[in-house]
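Here's my_file-v3.csv, which has CSV, C-alpha atoms and all ligand atoms:
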```
chain,number,residue,atom,x,y,z
A,1,MET,CA,-63.2,11.0,71.6
A,2,SER,CA,-64.5,9.5,74.8
A,3,SER,CA,-64.4,5.8,75.2
A,4,CYS,CA,-65.7,3.1,77.6
A,5,THR,CA,-64.3,-0.3,78.1
A,6,LYS,CA,-66.2,-3.4,79.2
A,7,LYS,CA,-66.0,-7.2,79.2
A,8,LEU,CA,-68.1,-8.9,76.6
A,9,SER,CA,-70.3,-11.7,78.0
A,10,THR,CA,-68.8,-14.3,75.7
A,11,ASN,CA,-66.0,-16.7,76.2
A,12,PHE,CA,-63.7,-16.6,73.2
A,13,LYS,CA,-61.0,-19.1,72.4
A,14,TYR,CA,-58.7,-16.7,70.6
A,15,LEU,CA,-60.1,-13.2,70.8
A,16,GLN,CA,-59.9,-11.4,74.1
A,17,ASN,CA,-62.8,-10.1,76.2
A,18,HIS,CA,-61.1,-6.7,76.0
A,19,TYR,CA,-63.6,-4.4,74.3
A,20,LEU,CA,-63.4,-0.6,73.8
A,21,TYR,CA,-66.4,1.5,72.6
A,22,PHE,CA,-66.2,5.1,71.2
A,23,ASP,CA,-69.3,7.1,70.5
A,24,GLU,CA,-67.3,8.8,67.8
A,25,ILE,CA,-63.8,8.3,66.4
A,26,GLU,CA,-62.1,8.9,63.1
A,27,SER,CA,-61.7,5.2,62.3
A,28,THR,CA,-61.5,2.1,64.4
A,29,ASN,CA,-58.9,0.7,62.0
A,30,ALA,CA,-56.8,3.8,62.2
A,31,TYR,CA,-57.0,3.8,66.0
A,32,LEU,CA,-55.7,0.3,66.2
A,33,LEU,CA,-52.9,0.9,63.6
A,34,GLN,CA,-51.7,3.8,65.7
A,35,THR,CA,-52.1,2.2,69.2
A,36,ASP,CA,-50.3,-0.6,71.1
A,37,PHE,CA,-52.9,-3.1,71.9
A,38,GLU,CA,-53.5,-6.5,73.5
A,39,ASN,CA,-53.9,-9.3,71.0
A,40,GLY,CA,-57.5,-10.0,70.2
A,41,ILE,CA,-58.9,-6.5,71.2
A,42,ILE,CA,-62.2,-5.4,69.8
A,43,VAL,CA,-62.9,-1.7,69.2
A,44,GLN,CA,-66.3,-0.5,68.2
A,45,ALA,CA,-67.6,3.0,67.2
A,46,GLY,CA,-71.0,4.5,67.1
A,47,PHE,CA,-69.9,6.8,64.4
A,48,GLN,CA,-66.7,7.3,62.3
A,49,SER,CA,-65.8,10.7,61.0
A,50,LYS,CA,-63.2,9.3,58.6
A,51,GLY,CA,-64.3,5.7,58.1
A,52,ARG,CA,-61.9,3.9,55.7
A,53,GLY,CA,-63.0,1.6,52.9
A,54,ARG,CA,-61.0,-0.4,50.3
A,55,LYS,CA,-58.9,1.3,47.7
A,56,LYS,CA,-58.8,4.5,49.8
A,57,ARG,CA,-62.5,5.0,49.5
A,58,GLU,CA,-64.5,6.5,52.3
A,59,TRP,CA,-66.8,4.2,54.4
A,60,GLN,CA,-69.8,6.3,55.3
A,61,SER,CA,-71.9,5.8,58.4
A,62,LEU,CA,-74.9,7.2,60.1
A,63,ALA,CA,-74.5,7.7,63.9
A,64,GLY,CA,-75.7,4.6,65.8
A,65,GLN,CA,-77.2,2.8,62.9
A,66,SER,CA,-74.5,0.4,61.8
A,67,LEU,CA,-71.9,-1.9,63.3
A,68,LEU,CA,-68.5,-0.4,62.9
A,69,PHE,CA,-65.7,-2.3,64.6
A,70,SER,CA,-62.2,-3.6,64.3
A,71,ILE,CA,-60.2,-6.4,65.8
A,72,GLY,CA,-56.5,-6.1,66.5
A,73,LEU,CA,-54.2,-9.1,66.2
A,74,ASN,CA,-50.5,-9.1,67.0
A,75,GLU,CA,-49.7,-12.7,67.9
A,76,LYS,CA,-49.2,-15.9,65.9
A,77,LEU,CA,-49.2,-13.7,62.7
A,78,ASP,CA,-46.5,-15.9,61.2
A,79,GLN,CA,-48.8,-18.9,61.4
A,80,LEU,CA,-51.4,-17.7,58.9
A,81,PRO,CA,-51.1,-16.3,55.3
A,82,GLY,CA,-52.2,-12.6,55.3
A,83,PHE,CA,-55.0,-13.1,52.7
A,84,ILE,CA,-57.0,-15.4,55.0
A,85,TYR,CA,-58.1,-12.7,57.4
A,86,THR,CA,-60.4,-11.2,54.8
A,87,PHE,CA,-61.9,-14.5,53.9
A,88,LEU,CA,-62.4,-15.7,57.5
A,89,SER,CA,-64.0,-12.4,58.4
A,90,SER,CA,-66.4,-12.1,55.5
A,91,LEU,CA,-67.4,-15.7,56.0
A,92,ALA,CA,-68.1,-15.0,59.8
A,93,VAL,CA,-70.4,-12.1,58.8
A,94,ALA,CA,-72.2,-14.0,56.1
A,95,GLU,CA,-72.7,-17.2,58.2
A,96,THR,CA,-73.9,-15.1,61.2
A,97,ILE,CA,-76.5,-13.3,59.0
A,98,ASP,CA,-77.5,-16.6,57.6
A,99,SER,CA,-78.0,-18.2,61.0
A,100,ILE,CA,-79.9,-15.3,62.5
A,101,PHE,CA,-82.0,-14.4,59.3
A,102,PRO,CA,-82.0,-17.6,57.2
A,103,SER,CA,-84.4,-16.1,54.6
A,104,LEU,CA,-82.0,-13.3,53.6
A,105,ASN,CA,-79.7,-15.7,51.8
A,106,PRO,CA,-76.5,-13.6,52.2
A,107,ILE,CA,-73.8,-14.3,49.6
A,108,LEU,CA,-70.1,-13.5,49.4
A,109,LYS,CA,-68.4,-11.5,46.7
A,110,TRP,CA,-64.7,-11.8,46.1
A,111,PRO,CA,-62.6,-10.6,47.9
A,112,ASN,CA,-64.5,-9.3,50.9
A,113,ASP,CA,-68.1,-8.1,50.5
A,114,VAL,CA,-71.3,-9.6,51.9
A,115,LEU,CA,-74.3,-9.0,49.7
A,116,ILE,CA,-78.0,-9.5,50.2
A,117,ASN,CA,-80.3,-9.3,47.2
A,118,HIS,CA,-77.1,-8.3,45.2
A,119,LYS,CA,-76.6,-5.2,47.3
A,120,LYS,CA,-73.7,-4.7,49.7
A,121,VAL,CA,-74.6,-5.0,53.4
A,122,CYS,CA,-71.1,-5.4,54.7
A,123,GLY,CA,-67.6,-4.4,53.8
A,124,ILE,CA,-64.3,-5.6,55.3
A,125,LEU,CA,-61.0,-3.8,55.3
A,126,VAL,CA,-57.9,-5.7,56.6
A,127,GLU,CA,-54.9,-3.5,57.2
A,128,THR,CA,-51.5,-4.5,58.3
A,129,LYS,CA,-48.4,-3.0,59.8
A,130,ALA,CA,-44.9,-4.5,59.3
A,131,ASN,CA,-41.4,-3.8,60.2
A,132,SER,CA,-38.6,-4.7,57.7
A,133,GLN,CA,-38.6,-8.3,58.8
A,134,GLU,CA,-42.2,-9.3,59.6
A,135,LEU,CA,-45.8,-8.5,60.0
A,136,ASN,CA,-46.5,-7.1,63.5
A,137,LYS,CA,-50.1,-6.1,63.4
A,138,VAL,CA,-53.2,-7.2,61.5
A,139,VAL,CA,-56.4,-5.0,61.9
A,140,ILE,CA,-59.6,-6.5,60.7
A,141,GLY,CA,-62.2,-3.7,60.1
A,142,ILE,CA,-65.9,-4.6,59.6
A,143,GLY,CA,-68.7,-2.2,58.6
A,144,LEU,CA,-72.1,-3.8,58.6
A,145,ASN,CA,-75.2,-1.8,57.7
A,146,VAL,CA,-77.9,-2.6,60.3
A,147,ASN,CA,-80.6,0.0,60.8
A,148,GLN,CA,-80.3,2.5,58.0
A,149,ASN,CA,-83.5,3.3,56.1
A,150,GLU,CA,-83.9,3.2,52.3
A,151,ASP,CA,-83.5,7.0,51.9
A,152,TYR,CA,-79.9,6.7,53.3
A,153,PHE,CA,-79.0,4.6,50.3
A,154,SER,CA,-80.4,7.1,47.7
A,155,LYS,CA,-77.1,9.0,47.4
A,156,PRO,CA,-75.4,7.9,44.1
A,157,ASP,CA,-72.3,6.5,45.8
A,158,LEU,CA,-74.5,4.4,48.2
A,159,GLN,CA,-77.0,3.1,45.7
A,160,PHE,CA,-75.6,-0.4,45.7
A,161,GLY,CA,-75.9,-0.7,49.5
A,162,THR,CA,-78.6,-2.1,51.7
A,163,SER,CA,-79.1,-2.7,55.5
A,164,LEU,CA,-80.5,-5.5,57.6
A,165,LYS,CA,-83.5,-3.3,58.5
A,166,ILE,CA,-84.4,-2.8,54.8
A,167,GLU,CA,-84.0,-6.5,54.0
A,168,THR,CA,-85.9,-7.8,57.1
A,169,GLY,CA,-88.4,-5.0,57.4
A,170,GLY,CA,-87.6,-4.2,61.0
A,171,ARG,CA,-84.9,-2.7,63.3
A,172,GLN,CA,-82.3,-5.2,64.5
A,173,ASP,CA,-80.3,-5.5,67.7
A,174,ARG,CA,-76.7,-4.5,66.9
A,175,GLU,CA,-75.3,-6.0,70.1
A,176,ILE,CA,-76.7,-9.5,69.4
A,177,ILE,CA,-75.4,-9.4,65.9
A,178,LEU,CA,-72.0,-8.2,67.0
A,179,THR,CA,-71.6,-10.9,69.6
A,180,ASN,CA,-72.5,-13.6,67.1
A,181,ILE,CA,-70.1,-12.2,64.5
A,182,LEU,CA,-67.3,-12.1,67.0
A,183,ARG,CA,-68.0,-15.7,68.1
A,184,ALA,CA,-68.0,-16.9,64.5
A,185,LEU,CA,-64.8,-14.9,63.7
A,186,ASP,CA,-63.1,-16.4,66.8
A,187,GLU,CA,-64.1,-20.0,65.7
A,188,ASN,CA,-62.7,-19.2,62.2
A,189,LEU,CA,-59.4,-17.9,63.5
A,190,ASN,CA,-59.1,-21.1,65.6
A,191,LEU,CA,-59.9,-23.3,62.7
A,192,ALA,CA,-57.4,-21.6,60.4
A,193,LEU,CA,-54.7,-21.8,63.1
A,194,LYS,CA,-55.3,-25.5,63.5
A,195,PHE,CA,-56.0,-26.7,59.9
A,196,GLY,CA,-54.8,-23.9,57.6
A,197,SER,CA,-56.8,-21.9,55.0
A,198,GLU,CA,-58.5,-24.6,53.1
A,199,PRO,CA,-61.5,-25.4,55.4
A,200,ILE,CA,-62.2,-21.6,55.5
A,201,LEU,CA,-61.9,-21.3,51.7
A,202,ASN,CA,-64.2,-24.3,51.2
A,203,ARG,CA,-67.0,-22.8,53.3
A,204,TRP,CA,-66.4,-19.4,51.5
A,205,ARG,CA,-66.8,-21.1,48.1
A,206,GLN,CA,-70.1,-22.5,49.2
A,207,MET,CA,-71.5,-19.0,49.9
A,208,CYS,CA,-70.2,-17.6,46.6
A,209,PRO,CA,-72.8,-18.3,43.8
A,210,TYR,CA,-70.6,-16.5,41.2
A,211,LEU,CA,-68.3,-19.4,41.0
A,212,SER,CA,-68.4,-21.1,37.6
A,213,ARG,CA,-70.3,-18.1,36.2
A,214,GLU,CA,-69.3,-15.3,33.9
A,215,ILE,CA,-68.1,-12.2,35.8
A,216,THR,CA,-66.3,-9.0,34.9
A,217,LEU,CA,-63.3,-7.9,36.9
A,218,ILE,CA,-62.6,-4.2,37.0
A,219,GLU,CA,-59.2,-2.8,38.2
A,220,GLY,CA,-58.7,0.9,37.5
A,221,GLU,CA,-59.1,1.5,33.8
A,222,LYS,CA,-58.8,-2.2,32.9
A,223,SER,CA,-61.7,-4.7,32.7
A,224,MET,CA,-61.7,-8.4,31.9
A,225,THR,CA,-64.7,-10.7,31.4
A,226,GLY,CA,-64.4,-14.5,31.9
A,227,LYS,CA,-65.5,-17.5,33.9
A,228,PHE,CA,-64.8,-17.3,37.6
A,229,VAL,CA,-63.2,-20.8,37.9
A,230,ASP,CA,-62.2,-20.9,41.5
A,231,ILE,CA,-60.4,-19.2,44.4
A,232,ALA,CA,-56.8,-20.3,44.5
A,233,SER,CA,-55.2,-21.6,47.7
A,234,ASP,CA,-53.5,-18.1,48.1
A,235,GLY,CA,-56.9,-16.3,47.8
A,236,ALA,CA,-56.5,-15.2,44.2
A,237,LEU,CA,-59.5,-15.2,41.9
A,238,LEU,CA,-59.0,-17.6,39.0
A,239,LEU,CA,-60.6,-16.2,35.8
A,240,GLN,CA,-60.7,-18.1,32.6
A,241,VAL,CA,-60.4,-15.8,29.6
A,242,ASP,CA,-60.0,-17.2,26.1
A,243,GLY,CA,-59.0,-20.6,27.3
A,244,GLN,CA,-56.3,-19.2,29.6
A,245,THR,CA,-56.6,-19.0,33.4
A,246,GLU,CA,-55.6,-15.7,34.9
A,247,LYS,CA,-54.7,-15.3,38.6
A,248,ILE,CA,-56.1,-12.1,39.9
A,249,TYR,CA,-55.2,-10.5,43.2
A,250,ALA,CA,-57.0,-7.1,43.1
A,251,GLY,CA,-60.1,-5.7,41.5
A,252,ASP,CA,-63.9,-5.3,41.8
A,253,VAL,CA,-66.1,-8.0,40.6
A,254,SER,CA,-69.3,-7.2,38.7
A,255,PHE,CA,-71.7,-9.7,37.3
A,256,ASP,CA,-75.0,-10.0,35.6
A,257,LYS,CA,-77.4,-10.9,38.4
A,258,ARG,CA,-79.9,-12.4,35.9
A,259,SER,CA,-77.3,-15.2,35.4
A,260,LEU,CA,-77.7,-16.5,39.0
A,301,LIG,C1,-65.0,-1.7,52.1
A,301,LIG,O1,-64.6,-0.7,51.4
A,301,LIG,O2,-65.9,-2.5,51.6
A,301,LIG,C2,-64.5,-1.9,53.4
A,301,LIG,C3,-65.2,-1.1,54.5
A,301,LIG,C4,-64.7,-1.3,55.9
A,301,LIG,C5,-65.3,-0.4,56.9
A,301,LIG,C6,-65.0,-0.7,58.3
A,301,LIG,S1,-66.0,0.1,59.5
A,301,LIG,C7,-64.9,-0.3,60.8
A,301,LIG,C8,-63.5,-0.2,60.2
A,301,LIG,N1,-62.9,1.1,60.4
A,301,LIG,C9,-62.7,1.7,59.2
A,301,LIG,O3,-62.3,2.9,59.1
A,301,LIG,N2,-63.1,0.9,58.2
A,301,LIG,C10,-63.5,-0.4,58.7
```
Rewrite the coordinates I just gave you, this time as structure tokens.
Ligand code: BTN
Amino acid sequence: MSSCTKKLSTNFKYLQNHYLYFDEIESTNAYLLQTDFENGIIVQAGFQSKGRGRKKREWQSLAGQSLLFSIGLNEKLDQLPGFIYTFLSSLAVAETIDSIFPSLNPILKWPNDVLINHKKVCGILVETKANSQELNKVVIGIGLNVNQNEDYFSKPDLQFGTSLKIETGGRQDREIILTNILRALDENLNLALKFGSEPILNRWRQMCPYLSREITLIEGEKSMTGKFVDIASDGALLLQVDGQTEKIYAGDVSFDKRSL
């Protein structure tokens, strides 16, 4: 697990220029959860041998082809509600893809996926550490598929995935994309600290075309179909089923893409 550290050539407002790169590591999220770090640190890996996804799933990667990185926060955590980190991060990724590749039309899927052509290009896993009184660490982990070819996604468990290379038709520069995502994330953190969650949620809603449509929410063995009415101010998905609005905090959204 050899690492190198360098200063990024960007001036952040909130994140630090402290950046650590590992050719290979088990998981950048696990690393930050186990290590004392300086607030705003960025840890990137070329390959993760035990990449972590949501719901204890594995996040697979191919060496050197994707962006795999985590950001560690341990200051001002009492100033923001925990759920907002997922939203501000997925928004930063989607807006960055949209600004570099406007024709790709990236969209957001609750709670934390970025899709292109209805396939997942990026997943986000926010993990926290708390003592009995308070939250003392937030780790935002981002996995963005950049240069994988179509054959990589032929495995059954990856069939709903895609990469920027597949969608644009050419290899893309991971460093440029990383710098832009970090800049957007830094702006979003600042915005949330100054004005709260609502400006982030408003921009998030604009990139989520499933709003007002029929979706199915699957959580374990249970599934519920209804109209996706809104995102509540605490990040919950509001689903209207048989005239009642249910507040949902966990689950996987599926939808009929012909309805969009
Ligand atoms: C998901 O299941 O959609 C979330 C995937 C998150 C993957 C990223 S890659 C960098 C960071 N380190 C991890 O082990 N996981 C996150």
Quiz prompt | Nearest candidate to ligand LIG 301 (chain A) (options A:Leu217, A:Met224, A:Leu68, A:Ile41; using all atoms listed in the file) | solution =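 Ranking A:Leu217, A:Met224, A:Leu68, A:Ile41 by distance to ligand LIG 301 (chain A), first place goes to A:Leu68.
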Could you make a table, as a tab-separated table, of the residues of chain A that have an atom within 6 Å of an atom of ligand LIG 301 (chain A), each with its nearest atom pair and distance in Å to one decimal, counting all atoms listed in the file, in chain and number order?
```
residue	atom	partner	partner_atom	distance
A:Ser27	CA	A:LIG301	O3	4.0
A:Thr28	CA	A:LIG301	N1	4.4
A:Asn29	CA	A:LIG301	N1	4.3
A:Gly51	CA	A:LIG301	O3	3.6
A:Arg52	CA	A:LIG301	O3	3.6
A:Gly53	CA	A:LIG301	O1	3.2
A:Arg54	CA	A:LIG301	O1	3.8
A:Trp59	CA	A:LIG301	C5	5.4
A:Leu68	CA	A:LIG301	C7	4.2
A:Phe69	CA	A:LIG301	C7	4.4
A:Ser70	CA	A:LIG301	C8	5.5
A:Gly123	CA	A:LIG301	O2	3.4
A:Ile124	CA	A:LIG301	C2	4.2
A:Leu125	CA	A:LIG301	C2	4.4
A:Gly141	CA	A:LIG301	C8	3.7
A:Ile142	CA	A:LIG301	C6	4.2
A:Gly143	CA	A:LIG301	S1	3.7
```
Quiz item: So how far away is atom CA of A:Cys122 from atom CA of A:Ile140, in Å?
Solution: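 Separating atom CA of A:Ile140 from atom CA of A:Cys122 is a distance of 13.0 Å.
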Quiz prompt | Neighbour list for A:Arg205 as number ranges by chain, cut-off 9 Å, only C-alpha atoms, skip fewer than 4 positions in-chain | solution = A: 108, 200-201, 209, 211, 230-231
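Residues lying within 10 Å of A:Ala63, counting only C-alpha atoms and ignoring same-chain neighbours fewer than 3 positions away, are Asp23, Glu24, Ala45, Gly46, Phe47, Gln48, Ser49, Gln60, Ser66, Leu67 and Gln148 of chain A.
Residues with any atom within 9 Å of A:Val121, counting all atoms listed in the file and excluding same-chain neighbours fewer than 3 positions away, are A:Pro106, A:Asp113, A:Val114, A:Leu115, A:Ile116, A:Gly143, A:Leu144, A:Asn145, A:Val146, A:Gly161, A:Thr162, A:Ser163, A:Leu164.
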Quiz item: Closest to A:Ala94 among A:Asp234, A:Arg57, A:Ala184, A:Thr128, using all atoms listed in the file?
Solution: A:Ala184
